[in-house]
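J.: What follows is final.pdb, made up of PDB, C-alpha atoms, pLDDT in the B column:
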ATOM      1  CA  MET A   1     -16.953 -26.876  -5.172  1.00 61.00           C
ATOM      2  CA  ASP A   2     -19.462 -24.119  -5.728  1.00 86.00           C
ATOM      3  CA  LYS A   3     -18.387 -20.701  -6.917  1.00 85.00           C
ATOM      4  CA  THR A   4     -19.069 -19.007  -3.586  1.00 90.00           C
ATOM      5  CA  ARG A   5     -16.654 -21.338  -1.823  1.00 93.00           C
ATOM      6  CA  ALA A   6     -14.049 -20.763  -4.530  1.00 93.00           C
ATOM      7  CA  SER A   7     -14.325 -16.996  -3.974  1.00 94.00           C
ATOM      8  CA  ALA A   8     -13.933 -17.509  -0.220  1.00 96.00           C
ATOM      9  CA  PHE A   9     -10.891 -19.753  -0.641  1.00 97.00           C
ATOM     10  CA  PHE A  10      -9.338 -17.176  -2.986  1.00 97.00           C
ATOM     11  CA  THR A  11      -9.623 -14.418  -0.393  1.00 97.00           C
ATOM     12  CA  ILE A  12      -8.352 -16.608   2.436  1.00 98.00           C
ATOM     13  CA  ILE A  13      -5.321 -17.678   0.401  1.00 98.00           C
ATOM     14  CA  VAL A  14      -4.527 -14.092  -0.629  1.00 98.00           C
ATOM     15  CA  GLY A  15      -4.904 -12.914   2.988  1.00 98.00           C
ATOM     16  CA  VAL A  16      -2.575 -15.614   4.318  1.00 98.00           C
ATOM     17  CA  LEU A  17      -0.027 -14.868   1.576  1.00 98.00           C
ATOM     18  CA  MET A  18      -0.146 -11.131   2.353  1.00 97.00           C
ATOM     19  CA  MET A  19       0.509 -11.775   6.038  1.00 98.00           C
ATOM     20  CA  GLY A  20       3.284 -14.204   5.209  1.00 97.00           C
ATOM     21  CA  MET A  21       4.927 -11.809   2.773  1.00 96.00           C
ATOM     22  CA  TRP A  22       4.976  -8.904   5.234  1.00 96.00           C
ATOM     23  CA  THR A  23       6.175 -11.133   8.063  1.00 97.00           C
ATOM     24  CA  MET A  24       9.034 -12.379   5.897  1.00 97.00           C
ATOM     25  CA  LEU A  25       9.961  -8.889   4.651  1.00 95.00           C
ATOM     26  CA  VAL A  26       9.949  -7.338   8.123  1.00 95.00           C
ATOM     27  CA  THR A  27      11.794 -10.177   9.873  1.00 96.00           C
ATOM     28  CA  THR A  28      14.506 -10.310   7.200  1.00 96.00           C
ATOM     29  CA  GLY A  29      15.034  -6.536   7.266  1.00 93.00           C
ATOM     30  CA  GLN A  30      13.906  -5.946   3.684  1.00 93.00           C
ATOM     31  CA  VAL A  31      11.548  -3.054   4.434  1.00 92.00           C
ATOM     32  CA  PRO A  32      13.220   0.331   3.857  1.00 88.00           C
ATOM     33  CA  TYR A  33      12.649   3.152   6.342  1.00 87.00           C
ATOM     34  CA  LEU A  34      11.150   0.840   8.979  1.00 88.00           C
ATOM     35  CA  ASP A  35      13.706   1.996  11.531  1.00 88.00           C
ATOM     36  CA  THR A  36      13.009   5.705  10.976  1.00 89.00           C
ATOM     37  CA  PRO A  37      10.475   7.833  12.841  1.00 89.00           C
ATOM     38  CA  GLN A  38       8.436   8.227   9.625  1.00 87.00           C
ATOM     39  CA  LEU A  39       5.008   6.627   9.932  1.00 93.00           C
ATOM     40  CA  GLU A  40       4.286   6.128   6.220  1.00 91.00           C
ATOM     41  CA  ILE A  41       5.696   2.596   5.867  1.00 92.00           C
ATOM     42  CA  LYS A  42       4.421   1.540   9.292  1.00 94.00           C
ATOM     43  CA  LEU A  43       0.900   2.654   8.419  1.00 94.00           C
ATOM     44  CA  HIS A  44       1.184   0.975   5.025  1.00 94.00           C
ATOM     45  CA  ILE A  45       2.136  -2.332   6.647  1.00 96.00           C
ATOM     46  CA  PHE A  46      -0.674  -1.912   9.195  1.00 96.00           C
ATOM     47  CA  THR A  47      -3.281  -1.341   6.471  1.00 96.00           C
ATOM     48  CA  GLU A  48      -1.954  -4.298   4.453  1.00 97.00           C
ATOM     49  CA  LEU A  49      -2.242  -6.550   7.522  1.00 97.00           C
ATOM     50  CA  LEU A  50      -5.715  -5.147   8.208  1.00 98.00           C
ATOM     51  CA  THR A  51      -6.675  -5.996   4.622  1.00 98.00           C
ATOM     52  CA  ALA A  52      -5.236  -9.488   4.990  1.00 98.00           C
ATOM     53  CA  GLY A  53      -7.159 -10.049   8.216  1.00 98.00           C
ATOM     54  CA  ALA A  54     -10.385  -8.831   6.614  1.00 98.00           C
ATOM     55  CA  LEU A  55      -9.831 -11.126   3.615  1.00 98.00           C
ATOM     56  CA  ILE A  56      -9.368 -14.130   5.883  1.00 98.00           C
ATOM     57  CA  LEU A  57     -12.315 -13.274   8.133  1.00 97.00           C
ATOM     58  CA  GLY A  58     -14.567 -12.465   5.160  1.00 97.00           C
ATOM     59  CA  GLY A  59     -13.661 -15.745   3.464  1.00 97.00           C
ATOM     60  CA  LEU A  60     -14.289 -17.699   6.666  1.00 97.00           C
ATOM     61  CA  ALA A  61     -17.644 -15.935   7.083  1.00 96.00           C
ATOM     62  CA  VAL A  62     -18.707 -17.199   3.663  1.00 95.00           C
ATOM     63  CA  LEU A  63     -17.446 -20.743   4.286  1.00 95.00           C
ATOM     64  CA  ARG A  64     -19.051 -20.940   7.740  1.00 96.00           C
ATOM     65  CA  CYS A  65     -22.278 -19.216   6.629  1.00 93.00           C
ATOM     66  CA  TRP A  66     -21.904 -16.422   9.173  1.00 92.00           C
ATOM     67  CA  LYS A  67     -24.553 -14.223   7.585  1.00 89.00           C
ATOM     68  CA  PRO A  68     -23.818 -11.084   9.668  1.00 87.00           C
ATOM     69  CA  LEU A  69     -20.229 -11.074   8.362  1.00 91.00           C
ATOM     70  CA  ASN A  70     -20.932 -12.015   4.731  1.00 88.00           C
ATOM     71  CA  ARG A  71     -20.688  -8.395   3.617  1.00 92.00           C
ATOM     72  CA  LEU A  72     -17.132  -8.333   4.942  1.00 95.00           C
ATOM     73  CA  HIS A  73     -16.286 -10.562   1.979  1.00 94.00           C
ATOM     74  CA  TYR A  74     -17.184  -7.671  -0.347  1.00 94.00           C
ATOM     75  CA  VAL A  75     -15.503  -5.030   1.799  1.00 96.00           C
ATOM     76  CA  SER A  76     -12.265  -7.001   2.107  1.00 97.00           C
ATOM     77  CA  GLN A  77     -12.038  -7.436  -1.648  1.00 97.00           C
ATOM     78  CA  GLY A  78     -12.557  -3.710  -2.077  1.00 96.00           C
ATOM     79  CA  MET A  79      -9.698  -3.166   0.361  1.00 97.00           C
ATOM     80  CA  LEU A  80      -7.607  -5.586  -1.696  1.00 98.00           C
ATOM     81  CA  ILE A  81      -8.352  -3.720  -4.929  1.00 97.00           C
ATOM     82  CA  TYR A  82      -7.146  -0.494  -3.326  1.00 96.00           C
ATOM     83  CA  ALA A  83      -3.985  -2.220  -2.026  1.00 96.00           C
ATOM     84  CA  ILE A  84      -3.293  -3.694  -5.471  1.00 97.00           C
ATOM     85  CA  ILE A  85      -3.633  -0.339  -7.237  1.00 96.00           C
ATOM     86  CA  ASN A  86      -1.530   1.437  -4.607  1.00 93.00           C
ATOM     87  CA  SER A  87       1.245  -1.177  -4.699  1.00 92.00           C
ATOM     88  CA  SER A  88       1.225  -1.325  -8.489  1.00 94.00           C
ATOM     89  CA  GLY A  89       1.989   2.378  -8.679  1.00 92.00           C
ATOM     90  CA  TYR A  90       4.906   1.981  -6.304  1.00 90.00           C
ATOM     91  CA  TYR A  91       6.472  -0.802  -8.368  1.00 92.00           C
ATOM     92  CA  ILE A  92       5.788   0.946 -11.677  1.00 95.00           C
ATOM     93  CA  ASP A  93       7.666   3.988 -10.338  1.00 95.00           C
ATOM     94  CA  LEU A  94      10.582   1.682  -9.499  1.00 93.00           C
ATOM     95  CA  GLY A  95      10.515   0.225 -13.016  1.00 95.00           C
ATOM     96  CA  GLU A  96       9.565  -3.247 -11.714  1.00 94.00           C
ATOM     97  CA  THR A  97       7.170  -4.129 -14.522  1.00 94.00           C
ATOM     98  CA  VAL A  98       7.094  -7.865 -13.761  1.00 96.00           C
ATOM     99  CA  ILE A  99       5.856  -7.245 -10.221  1.00 94.00           C
ATOM    100  CA  ALA A 100       3.362  -4.672 -11.520  1.00 95.00           C
ATOM    101  CA  ALA A 101       2.114  -7.282 -14.026  1.00 96.00           C
ATOM    102  CA  MET A 102       1.720  -9.767 -11.178  1.00 96.00           C
ATOM    103  CA  PHE A 103      -0.481  -7.226  -9.410  1.00 96.00           C
ATOM    104  CA  GLY A 104      -2.499  -6.943 -12.642  1.00 96.00           C
ATOM    105  CA  VAL A 105      -3.140 -10.683 -12.553  1.00 97.00           C
ATOM    106  CA  LEU A 106      -4.133 -10.427  -8.885  1.00 97.00           C
ATOM    107  CA  LEU A 107      -6.502  -7.569  -9.757  1.00 97.00           C
ATOM    108  CA  ILE A 108      -8.168  -9.690 -12.442  1.00 97.00           C
ATOM    109  CA  GLY A 109      -8.469 -12.588  -9.987  1.00 96.00           C
ATOM    110  CA  THR A 110     -10.058 -10.308  -7.417  1.00 97.00           C
ATOM    111  CA  LEU A 111     -12.551  -8.895  -9.911  1.00 96.00           C
ATOM    112  CA  VAL A 112     -13.488 -12.421 -11.038  1.00 95.00           C
ATOM    113  CA  SER A 113     -13.900 -13.445  -7.390  1.00 94.00           C
ATOM    114  CA  LEU A 114     -16.222 -10.497  -6.786  1.00 93.00           C
ATOM    115  CA  LEU A 115     -18.282 -11.256  -9.882  1.00 92.00           C
ATOM    116  CA  VAL A 116     -18.560 -14.918  -9.004  1.00 89.00           C
ATOM    117  CA  PHE A 117     -19.609 -14.158  -5.420  1.00 88.00           C
ATOM    118  CA  SER A 118     -22.129 -11.492  -6.397  1.00 85.00           C
ATOM    119  CA  LYS A 119     -23.931 -13.847  -8.791  1.00 79.00           C
ATOM    120  CA  GLU A 120     -24.549 -16.511  -6.141  1.00 66.00           C
TER     121      GLU A 120
END
Translate this structure into structure tokens?
T.:
Amino acid sequence: MDKTRASAFFTIIVGVLMMGMWTMLVTTGQVPYLDTPQLEIKLHIFTELLTAGALILGGLAVLRCWKPLNRLHYVSQGMLIYAIINSSGYYIDLGETVIAAMFGVLLIGTLVSLLVFSKE
């Protein structure tokens, strides 16, 4: 498998996992403040799902050689980097260092994916 395809598979897998995680958290009632009129958590979930969708679409664009959408692969990974940094801060504030470390690993994986894709 060439490196470009590996980068695309990485983003697709992360996107699917993000959607799955939020679906599971929402359906099992594990999201605090979801039933309040506050929009913060709702908008956060929306942007996470938007990021996940962009990751999947960007990865598919690379795999299917859809040249007009290839740049979405870069954009979606930029969105993911923002989501990782934002979520890391939340979990660091809660004292959840293991989850924050997991986000650090995901950040490294994303940066490697970007480097690999940009060199092809």
J.: Could you please determine the separation between atom CA of Ser7 of chain A and atom CA of Ile92 of chain A in Å, to one decimal place?
T.: 28.0 Å
J.: So what does the PyMOL selection byres ((chain A and resi 79-83) around 12) actually pick up in this one, as an mmCIF file with C-alpha atoms, in the frame of the given file?
T.:
data_model
loop_
_atom_site.group_PDB
_atom_site.id
_atom_site.type_symbol
_atom_site.label_atom_id
_atom_site.label_comp_id
_atom_site.auth_asym_id
_atom_site.auth_seq_id
_atom_site.Cartn_x
_atom_site.Cartn_y
_atom_site.Cartn_z
ATOM 1 C CA PHE A 10 -9.338 -17.176 -2.986
ATOM 2 C CA THR A 11 -9.623 -14.418 -0.393
ATOM 3 C CA ILE A 12 -8.352 -16.608 2.436
ATOM 4 C CA VAL A 14 -4.527 -14.092 -0.629
ATOM 5 C CA GLY A 15 -4.904 -12.914 2.988
ATOM 6 C CA MET A 18 -0.146 -11.131 2.353
ATOM 7 C CA HIS A 44 1.184 0.975 5.025
ATOM 8 C CA ILE A 45 2.136 -2.332 6.647
ATOM 9 C CA PHE A 46 -0.674 -1.912 9.195
ATOM 10 C CA THR A 47 -3.281 -1.341 6.471
ATOM 11 C CA GLU A 48 -1.954 -4.298 4.453
ATOM 12 C CA LEU A 49 -2.242 -6.550 7.522
ATOM 13 C CA LEU A 50 -5.715 -5.147 8.208
ATOM 14 C CA THR A 51 -6.675 -5.996 4.622
ATOM 15 C CA ALA A 52 -5.236 -9.488 4.990
ATOM 16 C CA GLY A 53 -7.159 -10.049 8.216
ATOM 17 C CA ALA A 54 -10.385 -8.831 6.614
ATOM 18 C CA LEU A 55 -9.831 -11.126 3.615
ATOM 19 C CA ILE A 56 -9.368 -14.130 5.883
ATOM 20 C CA GLY A 58 -14.567 -12.465 5.160
ATOM 21 C CA LEU A 72 -17.132 -8.333 4.942
ATOM 22 C CA HIS A 73 -16.286 -10.562 1.979
ATOM 23 C CA TYR A 74 -17.184 -7.671 -0.347
ATOM 24 C CA VAL A 75 -15.503 -5.030 1.799
ATOM 25 C CA SER A 76 -12.265 -7.001 2.107
ATOM 26 C CA GLN A 77 -12.038 -7.436 -1.648
ATOM 27 C CA GLY A 78 -12.557 -3.710 -2.077
ATOM 28 C CA ILE A 84 -3.293 -3.694 -5.471
ATOM 29 C CA ILE A 85 -3.633 -0.339 -7.237
ATOM 30 C CA ASN A 86 -1.530 1.437 -4.607
ATOM 31 C CA SER A 87 1.245 -1.177 -4.699
ATOM 32 C CA SER A 88 1.225 -1.325 -8.489
ATOM 33 C CA GLY A 89 1.989 2.378 -8.679
ATOM 34 C CA TYR A 90 4.906 1.981 -6.304
ATOM 35 C CA PHE A 103 -0.481 -7.226 -9.410
ATOM 36 C CA GLY A 104 -2.499 -6.943 -12.642
ATOM 37 C CA VAL A 105 -3.140 -10.683 -12.553
ATOM 38 C CA LEU A 106 -4.133 -10.427 -8.885
ATOM 39 C CA LEU A 107 -6.502 -7.569 -9.757
ATOM 40 C CA ILE A 108 -8.168 -9.690 -12.442
ATOM 41 C CA GLY A 109 -8.469 -12.588 -9.987
ATOM 42 C CA THR A 110 -10.058 -10.308 -7.417
ATOM 43 C CA LEU A 111 -12.551 -8.895 -9.911
ATOM 44 C CA VAL A 112 -13.488 -12.421 -11.038
ATOM 45 C CA SER A 113 -13.900 -13.445 -7.390
ATOM 46 C CA LEU A 114 -16.222 -10.497 -6.786
#
J.: Name the closest residue to Phe9 of chain A among the candidates A:Phe117, A:Val98, A:Leu69, A:Ile41; distances are taken between atoms, counting all atoms listed in the file.
T.: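 Between A:Phe117, A:Val98, A:Leu69, A:Ile41, the residue approaching Phe9 of chain A most closely is A:Phe117.
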J.: Work out how far apart atom CA of Trp22 of chain A and atom CA of Arg71 of chain A are and give it in Å to one decimal.
T.: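 Distance between the two atoms: 25.7 Å.
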J.: For the atom pair atom CA of Thr4 of chain A and atom CA of Ala100 of chain A, what is the interatomic distance in Å to one decimal place?
T.: 27.8 Å
J.: Determine the axis-aligned bounding box of all atoms of segment 61-68 of chain A present in the file, pad each side by 3 Å, and express its centre and edge lengths in Å to one decimal place as lines of an AutoDock Vina configuration file.
T.:
center_x = -21.0
center_y = -16.0
center_z = 6.7
size_x = 13.1
size_y = 15.9
size_z = 12.0
J.: Which residue gives the smallest distance to Ala8 of chain A among A:Val62, A:Ala101, A:Leu25, A:Leu94, with only C-alpha atoms counted?
T.: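 That would be A:Val62, the residue with the smallest distance to Ala8 of chain A.
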